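> Just dropping this structure here.
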Amino acid sequence: LDVIRTVEPRVADAIGSEIADQRDSLKLIASENYASPAVLLTMGNWFSDKYAEGTVGRRFYAGCRNVDTVEALAAEHARELFGADHAYVQPHSGIDANLVAFWAVLAQRVESPALQSAGAKHVNDLSEDDWARLRRSLGDQRMLGMALDAGGHLTHGFRPNISGKMFEQRSYGTDPETGRIDYEAVRAAAREFRPLILIAGYSAYPRLVNFRVMREIADEVGATLMVDMAHFAGLVAGKVLTGEYDPVPYANIVTTTTHKSLRGPRGGMVLCDNELAEHVDRGCPMVLGGPLPHVMAAKAVALAEARQPGFRDYAQHIVENANALAEGLGRRGGRLVTGGTDNHLVLLDVSGYGLTGRQAESALLDAGIVTNRNAVPQDPNGAWYTSGVRLGTPALTTRGLGVPEMDEVADLIDSVLRGTTPSVTSSGKASKAQYTVEDGLAARTAERAADL
Ligand code: PLP
């Protein structure tokens, strides 16, 4: 920090303050974690300066032998850890990994057949007419993914994201009674809509997904099955999700982030069958700029960590902790979407406390508990205010908190939410954003949170 302080002291101060915040508060954001010092240090060095467009051994720049080493290592660890045919470790984030995957599927399923029928090897060899036809058919494809308020992700074909502009999209929700995926409803939607890509995977679904059934559905309608395991990659790596709950043997293509439950550097990754590998490897320059060698090196370190036996215990503890948190909240009267959890996250419907997700998120933050508001299925408060908060255990598990502490965390959350009331607006209505927390409760809770 002293070196940074000589140049821009305000950045040094912000880093110090961030470290203090992360140390003193309870980090329950389901997509966050604490990467190891080895991972963090691998990102802070001169690898960051190197340009390396291309793939291992086939670069558009000279002097890439060390980048080749770390990229090949990261890919090898990823293949071995997940049992995948091929791994592409260049994506800079989860959204980039998804873009690489979409374009790889489009290249395989739409562009390659078009080139073949025109007798061309490369898009530059196509006539103007054939090129125009190909562009139209690339823009004419369909995607079926999980609804946002059921726990799906924006990149799965929703309008505010580029995926929703690239594809005609439809979504499958969850059963209104159970809150769980209804596979027969997914099958019916797929039969009717005939998507090119069926996406499974989520950001806020607290249960397991049966990827064997998803693959059956994809095969039945001629779709490519893509699984976005950004949230639960650590549980797959740690062999908590096996058999039909492990997406790798069933999906044609799997994307992930590396910084959530996998506990690596901020970044993305694509795993795929051999048939898709050549298309995936064109991610740069198709949708990515030059790779980030320092981050690929850190991915290699994180994946090596995830291959150590201790990571299996870690993954197991994440799920045990999520279960304990869910039970603790449920016992105190908290309303949980689907009634509990099978994975690393819990979705608490805070309308039971008379609050919006936004009020709950803010009140908990005042009390040193960092969460994020999240829509619940058929949420009457929409995506901005919401009616839920999402709670995840990967970060607290990294800090060594266990089942007994989770009960205490549940108690802190429940007591803050019980002690919070919505403010009344000037028109006499309950505000969706403003709130008051009982006198002294936030400060008392923040002290208890810092001690955990
Ligand atoms: N996919 C899923 C399922 C996610 O939950 C997220 C992020 O929360 C992403 C993709 C995007 O990841 P990133 O923020 O690294 O772009």
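Ligands are numbered from 1 in the order shown, residues from 1 within each chain, and chains are lettered A, B, ... in the order they appear in the structure tokens.
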Name the residues in contact with stretch 90-106 of chain A at a cut-off of 7 Å, using only C-alpha atoms, excluding same-chain residues fewer than 6 positions from it; report them as a list in words.
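My reading of the contact set: Leu138, Thr155, Ala230, Thr255, Thr256, Thr257, Arg266, Gly267, Gly268, Met269, Val270, Leu276, His279, Val280, Gly283, Val287, Leu288, Pro291 and Met296 of chain A.
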> Could you write those residues out with C-alpha atoms, as a PDB file, in the first residue's frame?

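After the write, part_26.pdb holds the following:
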ATOM      1  CA  LEU A 138     -27.372 -15.899 -37.431  1.00  0.00           C
ATOM      2  CA  THR A 155     -27.095 -13.266 -20.051  1.00  0.00           C
ATOM      3  CA  ALA A 230     -20.947 -19.783 -12.709  1.00  0.00           C
ATOM      4  CA  THR A 255     -19.465 -21.860 -18.970  1.00  0.00           C
ATOM      5  CA  THR A 256     -18.427 -20.574 -15.600  1.00  0.00           C
ATOM      6  CA  THR A 257     -16.948 -17.714 -13.684  1.00  0.00           C
ATOM      7  CA  ARG A 266     -12.272 -12.666 -11.301  1.00  0.00           C
ATOM      8  CA  GLY A 267     -12.753 -14.244 -14.731  1.00  0.00           C
ATOM      9  CA  GLY A 268     -14.532 -16.807 -16.885  1.00  0.00           C
ATOM     10  CA  MET A 269     -13.939 -20.128 -18.569  1.00  0.00           C
ATOM     11  CA  VAL A 270     -15.569 -22.406 -21.158  1.00  0.00           C
ATOM     12  CA  LEU A 276     -16.989 -27.472 -30.282  1.00  0.00           C
ATOM     13  CA  HIS A 279     -15.100 -22.709 -32.404  1.00  0.00           C
ATOM     14  CA  VAL A 280     -14.627 -21.946 -28.712  1.00  0.00           C
ATOM     15  CA  GLY A 283     -13.346 -16.501 -28.657  1.00  0.00           C
ATOM     16  CA  VAL A 287     -15.833 -11.433 -28.863  1.00  0.00           C
ATOM     17  CA  LEU A 288     -12.772 -11.025 -26.626  1.00  0.00           C
ATOM     18  CA  PRO A 291      -6.259 -12.361 -22.992  1.00  0.00           C
ATOM     19  CA  MET A 296      -4.948 -16.874 -16.598  1.00  0.00           C
TER      20      MET A 296
END
> If DSSP is run on the backbone, what residues of stretch 203-382 of chain A are strand (DSSP E)? A reply as a PDB file with N, CA and C atoms, in the first residue's frame would be ideal.

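selection10.pdb written:
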ATOM      1  N   THR A 224     -28.711 -27.454 -28.596  1.00  0.00           N
ATOM      2  CA  THR A 224     -27.419 -27.639 -27.920  1.00  0.00           C
ATOM      3  C   THR A 224     -27.654 -27.309 -26.445  1.00  0.00           C
ATOM      4  N   LEU A 225     -27.203 -28.198 -25.553  1.00  0.00           N
ATOM      5  CA  LEU A 225     -27.369 -27.909 -24.122  1.00  0.00           C
ATOM      6  C   LEU A 225     -26.159 -27.143 -23.619  1.00  0.00           C
ATOM      7  N   MET A 226     -26.433 -25.923 -23.153  1.00  0.00           N
ATOM      8  CA  MET A 226     -25.381 -25.109 -22.549  1.00  0.00           C
ATOM      9  C   MET A 226     -25.701 -24.974 -21.062  1.00  0.00           C
ATOM     10  N   VAL A 227     -24.713 -25.223 -20.227  1.00  0.00           N
ATOM     11  CA  VAL A 227     -24.918 -25.028 -18.786  1.00  0.00           C
ATOM     12  C   VAL A 227     -23.996 -23.905 -18.309  1.00  0.00           C
ATOM     13  N   ASP A 228     -24.592 -22.942 -17.645  1.00  0.00           N
ATOM     14  CA  ASP A 228     -23.824 -21.853 -17.033  1.00  0.00           C
ATOM     15  C   ASP A 228     -23.707 -22.192 -15.551  1.00  0.00           C
ATOM     16  N   ILE A 253     -21.756 -27.806 -23.837  1.00  0.00           N
ATOM     17  CA  ILE A 253     -20.843 -26.707 -23.540  1.00  0.00           C
ATOM     18  C   ILE A 253     -21.191 -26.155 -22.155  1.00  0.00           C
ATOM     19  N   VAL A 254     -20.154 -25.875 -21.380  1.00  0.00           N
ATOM     20  CA  VAL A 254     -20.350 -25.397 -20.004  1.00  0.00           C
ATOM     21  C   VAL A 254     -19.562 -24.103 -19.847  1.00  0.00           C
ATOM     22  N   THR A 255     -20.195 -23.098 -19.255  1.00  0.00           N
ATOM     23  CA  THR A 255     -19.465 -21.860 -18.970  1.00  0.00           C
ATOM     24  C   THR A 255     -19.443 -21.656 -17.462  1.00  0.00           C
ATOM     25  N   THR A 256     -18.480 -20.874 -17.032  1.00  0.00           N
ATOM     26  CA  THR A 256     -18.427 -20.574 -15.600  1.00  0.00           C
ATOM     27  C   THR A 256     -17.657 -19.283 -15.358  1.00  0.00           C
ATOM     28  N   THR A 257     -17.871 -18.722 -14.181  1.00  0.00           N
ATOM     29  CA  THR A 257     -16.948 -17.714 -13.684  1.00  0.00           C
ATOM     30  C   THR A 257     -15.935 -18.476 -12.830  1.00  0.00           C
ATOM     31  N   GLY A 268     -13.614 -15.799 -16.363  1.00  0.00           N
ATOM     32  CA  GLY A 268     -14.532 -16.807 -16.885  1.00  0.00           C
ATOM     33  C   GLY A 268     -13.784 -17.928 -17.577  1.00  0.00           C
ATOM     34  N   MET A 269     -14.547 -18.940 -17.974  1.00  0.00           N
ATOM     35  CA  MET A 269     -13.939 -20.128 -18.569  1.00  0.00           C
ATOM     36  C   MET A 269     -15.024 -20.886 -19.351  1.00  0.00           C
ATOM     37  N   VAL A 270     -14.613 -21.578 -20.412  1.00  0.00           N
ATOM     38  CA  VAL A 270     -15.569 -22.406 -21.158  1.00  0.00           C
ATOM     39  C   VAL A 270     -15.020 -23.832 -21.218  1.00  0.00           C
ATOM     40  N   LEU A 271     -15.874 -24.812 -20.955  1.00  0.00           N
ATOM     41  CA  LEU A 271     -15.507 -26.220 -21.108  1.00  0.00           C
ATOM     42  C   LEU A 271     -16.417 -26.782 -22.193  1.00  0.00           C
ATOM     43  N   CYS A 272     -15.875 -27.654 -23.040  1.00  0.00           N
ATOM     44  CA  CYS A 272     -16.755 -28.168 -24.103  1.00  0.00           C
ATOM     45  C   CYS A 272     -16.285 -29.508 -24.628  1.00  0.00           C
ATOM     46  N   ARG A 335     -39.333 -16.942   5.716  1.00  0.00           N
ATOM     47  CA  ARG A 335     -39.967 -17.638   4.580  1.00  0.00           C
ATOM     48  C   ARG A 335     -38.902 -17.867   3.508  1.00  0.00           C
ATOM     49  N   LEU A 336     -38.627 -19.125   3.186  1.00  0.00           N
ATOM     50  CA  LEU A 336     -37.562 -19.416   2.224  1.00  0.00           C
ATOM     51  C   LEU A 336     -38.166 -19.899   0.915  1.00  0.00           C
ATOM     52  N   LEU A 345     -26.740 -21.455  -1.638  1.00  0.00           N
ATOM     53  CA  LEU A 345     -27.484 -20.202  -1.442  1.00  0.00           C
ATOM     54  C   LEU A 345     -28.895 -20.431  -0.904  1.00  0.00           C
ATOM     55  N   VAL A 346     -29.357 -19.376  -0.266  1.00  0.00           N
ATOM     56  CA  VAL A 346     -30.695 -19.366   0.333  1.00  0.00           C
ATOM     57  C   VAL A 346     -31.378 -18.110  -0.178  1.00  0.00           C
ATOM     58  N   LEU A 347     -32.637 -18.251  -0.566  1.00  0.00           N
ATOM     59  CA  LEU A 347     -33.382 -17.068  -1.014  1.00  0.00           C
ATOM     60  C   LEU A 347     -34.481 -16.802   0.021  1.00  0.00           C
ATOM     61  N   LEU A 348     -34.298 -15.701   0.749  1.00  0.00           N
ATOM     62  CA  LEU A 348     -35.218 -15.365   1.847  1.00  0.00           C
ATOM     63  C   LEU A 348     -36.245 -14.366   1.331  1.00  0.00           C
ATOM     64  N   ASP A 349     -37.535 -14.755   1.442  1.00  0.00           N
ATOM     65  CA  ASP A 349     -38.612 -13.854   1.026  1.00  0.00           C
ATOM     66  C   ASP A 349     -38.915 -12.928   2.200  1.00  0.00           C
ATOM     67  N   ILE A 369     -23.942  -6.785   7.736  1.00  0.00           N
ATOM     68  CA  ILE A 369     -24.236  -8.045   7.046  1.00  0.00           C
ATOM     69  C   ILE A 369     -24.470  -7.712   5.568  1.00  0.00           C
ATOM     70  N   VAL A 370     -23.576  -8.180   4.699  1.00  0.00           N
ATOM     71  CA  VAL A 370     -23.620  -7.767   3.287  1.00  0.00           C
ATOM     72  C   VAL A 370     -24.319  -8.839   2.466  1.00  0.00           C
ATOM     73  N   ASN A 372     -27.404  -9.326  -1.064  1.00  0.00           N
ATOM     74  CA  ASN A 372     -28.001  -8.528  -2.132  1.00  0.00           C
ATOM     75  C   ASN A 372     -29.469  -8.867  -2.310  1.00  0.00           C
ATOM     76  N   ARG A 373     -30.213  -7.816  -2.637  1.00  0.00           N
ATOM     77  CA  ARG A 373     -31.644  -8.024  -2.837  1.00  0.00           C
ATOM     78  C   ARG A 373     -31.839  -8.811  -4.124  1.00  0.00           C
ATOM     79  N   ASN A 374     -32.894  -9.576  -4.166  1.00  0.00           N
ATOM     80  CA  ASN A 374     -33.103 -10.470  -5.299  1.00  0.00           C
ATOM     81  C   ASN A 374     -34.596 -10.733  -5.481  1.00  0.00           C
TER      82      ASN A 374
END
> Here is a test: counting only C-alpha atoms, which residue of A:Gly57, A:Gly368, A:Pro293, A:Gly16 is nearest to A:Asn45?
A:Pro293
> Compare A:Val213, A:Val39, A:Ala433, A:Ala30 by their minimum atom-to-atom distance to ligand 1, counting only C-alpha atoms and all ligand atoms, and give me the closest one.
A:Ala30
> Write out as a compact mmCIF listing (two decimals) with C-alpha atoms, in the first residue's frame each polymer residue whose atoms come within 7 Å of stretch 434-443 of chain A, counting only C-alpha atoms; drop sequence neighbours fewer than 4 positions from it.

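Writing done, so here's out-v2.txt:
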# COMPACT_ATOMS: atom_id res chain seq x y z
CA GLN A 359 -35.04 -2.24 2.61
CA ALA A 363 -30.87 -2.53 6.95
CA ASP A 366 -26.18 -1.05 8.36
CA ALA A 367 -25.74 -4.00 10.71
CA VAL A 416 -32.35 -7.05 12.25
CA GLY A 419 -36.42 -4.67 14.11
CA THR A 420 -36.78 -2.87 10.75
CA THR A 421 -39.92 -1.06 9.63
CA PRO A 422 -40.72 0.62 6.32
CA SER A 423 -41.00 4.40 6.51
CA GLU A 447 -20.33 -5.56 16.70
> Considering only C-alpha atoms, return as a PyMOL selection string whatever protein or nucleic-acid residues lie within 9 Å of stretch 180-182 of chain A, sequence-local ones (same chain, fewer than 2 positions apart) excluded.
chain A and resi 146+150+172-178+184-187+205-207+209+338
> Considering only C-alpha atoms, state which residue in the set A:Leu81, A:Ala223, A:Ala62, A:Asp414 is at the smallest distance from A:Arg142.
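Of the candidates, the smallest distance to A:Arg142 is held by A:Ala223.
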> Could you pull out the residues in stretch 360-413 of chain A that DSSP calls helix (DSSP H, G or I) from the backbone, as a PyMOL selection string?
chain A and resi 360-366+382-385+394-398+403-413
> Using only C-alpha atoms, which of the listed residues (A:Pro394, A:Gly354, A:Pro9, A:Gly290) sits closest to A:His259?
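Residue with the minimum atom-to-atom distance to A:His259: A:Pro394.
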> Rank nothing, just name the residue among A:Ile199, A:Leu391, A:Leu1, A:Ala147 nearest to A:Glu32, using only C-alpha atoms.
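Of A:Ile199, A:Leu391, A:Leu1, A:Ala147, the one nearest A:Glu32, counting only C-alpha atoms, is A:Leu391.
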> Would you mind telling me which residue in A:Gly139, A:Pro247, A:Gly119, A:Gly152 lies nearest to ligand 1 when using only C-alpha atoms and all ligand atoms?
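The closest residue to ligand 1 is A:Gly152.
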> Using only C-alpha atoms, find each residue in stretch 18-38 of chain A having at least one atom no more than 12 Å away from stretch 398-411 of chain A; report its shortest atom-to-atom pair and that distance in Å (one decimal), rows by chain then rising number, as JSON lines.

{"residue": "A:Gln22", "atom": "CA", "partner": "A:Arg399", "partner_atom": "CA", "distance": 10.8}
{"residue": "A:Arg23", "atom": "CA", "partner": "A:Arg399", "partner_atom": "CA", "distance": 9.5}
{"residue": "A:Asp24", "atom": "CA", "partner": "A:Arg399", "partner_atom": "CA", "distance": 11.6}
{"residue": "A:Ser25", "atom": "CA", "partner": "A:Val409", "partner_atom": "CA", "distance": 11.3}
{"residue": "A:Leu26", "atom": "CA", "partner": "A:Val409", "partner_atom": "CA", "distance": 8.5}
{"residue": "A:Lys27", "atom": "CA", "partner": "A:Arg399", "partner_atom": "CA", "distance": 9.8}
{"residue": "A:Leu28", "atom": "CA", "partner": "A:Val409", "partner_atom": "CA", "distance": 9.8}
{"residue": "A:Glu32", "atom": "CA", "partner": "A:Thr398", "partner_atom": "CA", "distance": 10.6}
{"residue": "A:Asn33", "atom": "CA", "partner": "A:Thr398", "partner_atom": "CA", "distance": 7.3}
{"residue": "A:Tyr34", "atom": "CA", "partner": "A:Thr398", "partner_atom": "CA", "distance": 6.7}
{"residue": "A:Ala35", "atom": "CA", "partner": "A:Thr398", "partner_atom": "CA", "distance": 8.7}
{"residue": "A:Ser36", "atom": "CA", "partner": "A:Thr398", "partner_atom": "CA", "distance": 9.3}
> Record the distance separating atom CA of A:Glu111 and atom CA of A:Asp130, expressed in Å with one decimal.
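Distance between the two atoms: 10.8 Å.
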